[in-house]
Amino acid sequence: MRIATWNVNSIVARLPRLLGWLESAQPDVLCLQELKTTTDAFPHEEVSALGYEVAAYGLGRWNGVAILSRVGLEDVRRGIVDQPAYEDAVEPRAIGATCRGLRIWSVYVPNGREPGHPHYAYKLRWLEALHATVVAESSQDRPLAVLGDFNIAPTDDDVWDIGAFEGATHVTDAERKALAMLRDAGLSDIVPRALKYDRPYTYWDYRQLAFPKNNGMRIDLVYGDPKFASAVSDAYVDREARKGKGPSDHAPVVVDVTL
DNA sequence: ATGGCAGACCACGTCTGA
């Protein structure tokens, strides 16, 4: 079974590329983030035409997550356990579903903006809620994986130049400790192969020629429980999807599992 | 010292992203 995650930075703007990628990469399950549209406005017909069921969760301009599956889509759940609000709004940042016996979550962790900002505190609270969700769902007798845009670079090697991140989010101890908590809960970081260069970055800023310079970050992560991790046969970042006209600023992460 | 790009909508400026 082929599982993937991709922050598309607007499902509407990315639809032609998404459809083409589904046809070429042939994932069985795809987790999407940053739909930037409502559940109703999701392009259900176009995606269904390729054989995928859709569970989408979007409220409009920002955020929005979805799971696409051609191997079943059951027990859909929108939002995580005690999901915190930001400025009184509970945002569409997580959706879970069961696909052929595999429990999958598509998550879009808050950005944080800058350490000390209320959004940063929100990010850390959100990660605690994600941890609680993982703990709650780990009791089930089925493989579990959390995929998505975590907005955290797990190590200094996961950014092109750690010196450029002084005082910035994505690399702080508190954020990385939240990832460590997920690992303590039994999940493993499924590190993908890079198809070019030595580091498996998944995001490159649109500005400053970041992609051709490979000034990237690995922030789109796959966290799997032991059942999932032991079933992984391959994992890679599809950087080809970052090339050309009208790409997302993120590339898909693809994981093959014998489940 | 800062923006640069891209997308959505509060739409011809503003906000967000990381």
# chains A, B, ... in the order shown; residues from 1 in each chain; ligands from 1

$ closest_atom_pairs --of "chain A" --to "chain B" --cutoff "9 Å" --atoms "only C-alpha atoms (C1' of nucleotides)" --output "JSON lines"
{"residue": "A:Asn9", "atom": "CA", "partner": "B:DG7", "partner_atom": "C1'", "distance": 7.5}
{"residue": "A:Ser10", "atom": "CA", "partner": "B:DG7", "partner_atom": "C1'", "distance": 7.0}
{"residue": "A:Ala13", "atom": "CA", "partner": "B:DG7", "partner_atom": "C1'", "distance": 7.9}
{"residue": "A:Lys36", "atom": "CA", "partner": "B:DA8", "partner_atom": "C1'", "distance": 7.4}
{"residue": "A:Thr37", "atom": "CA", "partner": "B:DA8", "partner_atom": "C1'", "distance": 8.7}
{"residue": "A:Gly60", "atom": "CA", "partner": "B:DA8", "partner_atom": "C1'", "distance": 8.7}
{"residue": "A:Arg61", "atom": "CA", "partner": "B:DA8", "partner_atom": "C1'", "distance": 5.6}
{"residue": "A:Trp62", "atom": "CA", "partner": "B:DT16", "partner_atom": "C1'", "distance": 7.9}
{"residue": "A:Asn111", "atom": "CA", "partner": "B:DA18", "partner_atom": "C1'", "distance": 7.0}
{"residue": "A:Gly112", "atom": "CA", "partner": "B:DA18", "partner_atom": "C1'", "distance": 8.9}
{"residue": "A:Arg113", "atom": "CA", "partner": "B:DA18", "partner_atom": "C1'", "distance": 7.6}
{"residue": "A:Asn151", "atom": "CA", "partner": "B:DA18", "partner_atom": "C1'", "distance": 7.5}
{"residue": "A:Ala168", "atom": "CA", "partner": "B:DA18", "partner_atom": "C1'", "distance": 8.9}
{"residue": "A:Thr169", "atom": "CA", "partner": "B:DA18", "partner_atom": "C1'", "distance": 7.8}
{"residue": "A:His170", "atom": "CA", "partner": "B:DA18", "partner_atom": "C1'", "distance": 7.6}
{"residue": "A:Asp205", "atom": "CA", "partner": "B:DC5", "partner_atom": "C1'", "distance": 7.8}
{"residue": "A:Tyr206", "atom": "CA", "partner": "B:DC5", "partner_atom": "C1'", "distance": 4.8}
{"residue": "A:Arg207", "atom": "CA", "partner": "B:DC5", "partner_atom": "C1'", "distance": 5.1}
{"residue": "A:Gln208", "atom": "CA", "partner": "B:DG4", "partner_atom": "C1'", "distance": 6.3}
{"residue": "A:Ser248", "atom": "CA", "partner": "B:DA6", "partner_atom": "C1'", "distance": 8.8}
{"residue": "A:Asp249", "atom": "CA", "partner": "B:DA6", "partner_atom": "C1'", "distance": 8.8}

$ select_by_dssp --residues "region 9-235 of chain A" --states "alpha helix (DSSP H)" --output "number ranges by chain"
A: 15-25, 44-48, 118-138, 173-184, 210-213, 226-229

$ closest_residue --among "A:Val191, A:Ala97, A:Leu124, A:Val146" --to "Thr5 (chain A)" --atoms "only C-alpha atoms"
A:Val146

$ select_by_dssp --residues "region 15-247 of chain A" --states "strand (DSSP E)" --output "PyMOL selection string"
chain A and resi 29-33+53-57+65-69+74-78+94-99+102-108+144-149+188-189+193-194+203-204+216-217+220-224+232-237

$ write_last_selection --atoms "C-alpha atoms" --output "JSON list (two decimals), in the first residue's frame"
[["chain", "number", "residue", "atom", "x", "y", "z"],
["A", 29, "VAL", "CA", -4.00, 7.00, 0.45],
["A", 30, "LEU", "CA", -3.07, 10.68, 0.29],
["A", 31, "CYS", "CA", -3.11, 13.08, 3.22],
["A", 32, "LEU", "CA", -3.53, 16.70, 2.17],
["A", 33, "GLN", "CA", -2.91, 19.94, 4.05],
["A", 53, "GLU", "CA", -13.04, 8.52, -1.74],
["A", 54, "VAL", "CA", -12.61, 11.86, 0.01],
["A", 55, "ALA", "CA", -12.86, 13.00, 3.60],
["A", 56, "ALA", "CA", -12.26, 16.74, 3.63],
["A", 57, "TYR", "CA", -12.35, 19.27, 6.42],
["A", 65, "VAL", "CA", -6.99, 19.01, 5.64],
["A", 66, "ALA", "CA", -8.21, 15.94, 3.81],
["A", 67, "ILE", "CA", -7.65, 12.23, 3.31],
["A", 68, "LEU", "CA", -8.08, 10.63, -0.09],
["A", 69, "SER", "CA", -8.29, 6.86, -0.29],
["A", 74, "GLU", "CA", -14.03, 4.62, 7.47],
["A", 75, "ASP", "CA", -14.43, 6.08, 10.95],
["A", 76, "VAL", "CA", -13.68, 9.61, 9.82],
["A", 77, "ARG", "CA", -12.97, 11.98, 12.65],
["A", 78, "ARG", "CA", -12.52, 15.74, 12.33],
["A", 94, "ALA", "CA", -6.59, 17.41, 11.63],
["A", 95, "ILE", "CA", -8.66, 14.65, 10.14],
["A", 96, "GLY", "CA", -8.45, 10.94, 10.86],
["A", 97, "ALA", "CA", -9.74, 7.91, 9.01],
["A", 98, "THR", "CA", -9.26, 4.17, 8.76],
["A", 99, "CYS", "CA", -8.11, 2.89, 5.38],
["A", 102, "LEU", "CA", -4.66, 1.41, 8.89],
["A", 103, "ARG", "CA", -5.55, 4.33, 11.13],
["A", 104, "ILE", "CA", -4.31, 7.51, 9.49],
["A", 105, "TRP", "CA", -4.22, 11.15, 10.55],
["A", 106, "SER", "CA", -3.58, 14.09, 8.25],
["A", 107, "VAL", "CA", -2.37, 17.01, 10.32],
["A", 108, "TYR", "CA", -1.42, 20.62, 9.73],
["A", 144, "LEU", "CA", -1.39, 3.94, 13.22],
["A", 145, "ALA", "CA", 0.36, 6.70, 11.31],
["A", 146, "VAL", "CA", 0.27, 10.47, 11.61],
["A", 147, "LEU", "CA", 1.30, 12.28, 8.46],
["A", 148, "GLY", "CA", 1.40, 15.92, 7.58],
["A", 149, "ASP", "CA", 2.97, 19.31, 7.83],
["A", 188, "SER", "CA", 8.88, 6.56, 14.84],
["A", 189, "ASP", "CA", 10.00, 9.26, 12.44],
["A", 193, "ARG", "CA", 15.05, 9.22, 0.93],
["A", 194, "ALA", "CA", 16.00, 12.36, -0.95],
["A", 203, "TYR", "CA", 9.65, 22.42, 1.75],
["A", 204, "TRP", "CA", 11.39, 25.20, -0.13],
["A", 216, "GLY", "CA", 14.96, 23.55, 2.10],
["A", 217, "MET", "CA", 13.51, 22.17, 5.28],
["A", 220, "ASP", "CA", 6.48, 17.31, 6.41],
["A", 221, "LEU", "CA", 6.78, 14.19, 8.52],
["A", 222, "VAL", "CA", 5.51, 10.65, 8.75],
["A", 223, "TYR", "CA", 5.19, 9.31, 12.28],
["A", 224, "GLY", "CA", 4.22, 5.66, 12.50],
["A", 232, "VAL", "CA", 7.70, 0.30, 5.61],
["A", 233, "SER", "CA", 9.54, -0.91, 2.48],
["A", 234, "ASP", "CA", 10.48, 2.49, 1.06],
["A", 235, "ALA", "CA", 9.98, 6.21, 1.64],
["A", 236, "TYR", "CA", 11.03, 9.17, -0.47],
["A", 237, "VAL", "CA", 10.38, 12.85, -1.14]]

$ residues_around --residues "region 15-19 of chain A" --least-positions-apart "4" --cutoff "12 Å" --atoms "only C-alpha atoms (C1' of nucleotides)" --output "count of residues only"
39

$ closest_residue --among "A:Val109, A:Leu127, A:Ala41, A:Leu59" --to "Val81 (chain A)" --atoms "only C-alpha atoms"
A:Leu127
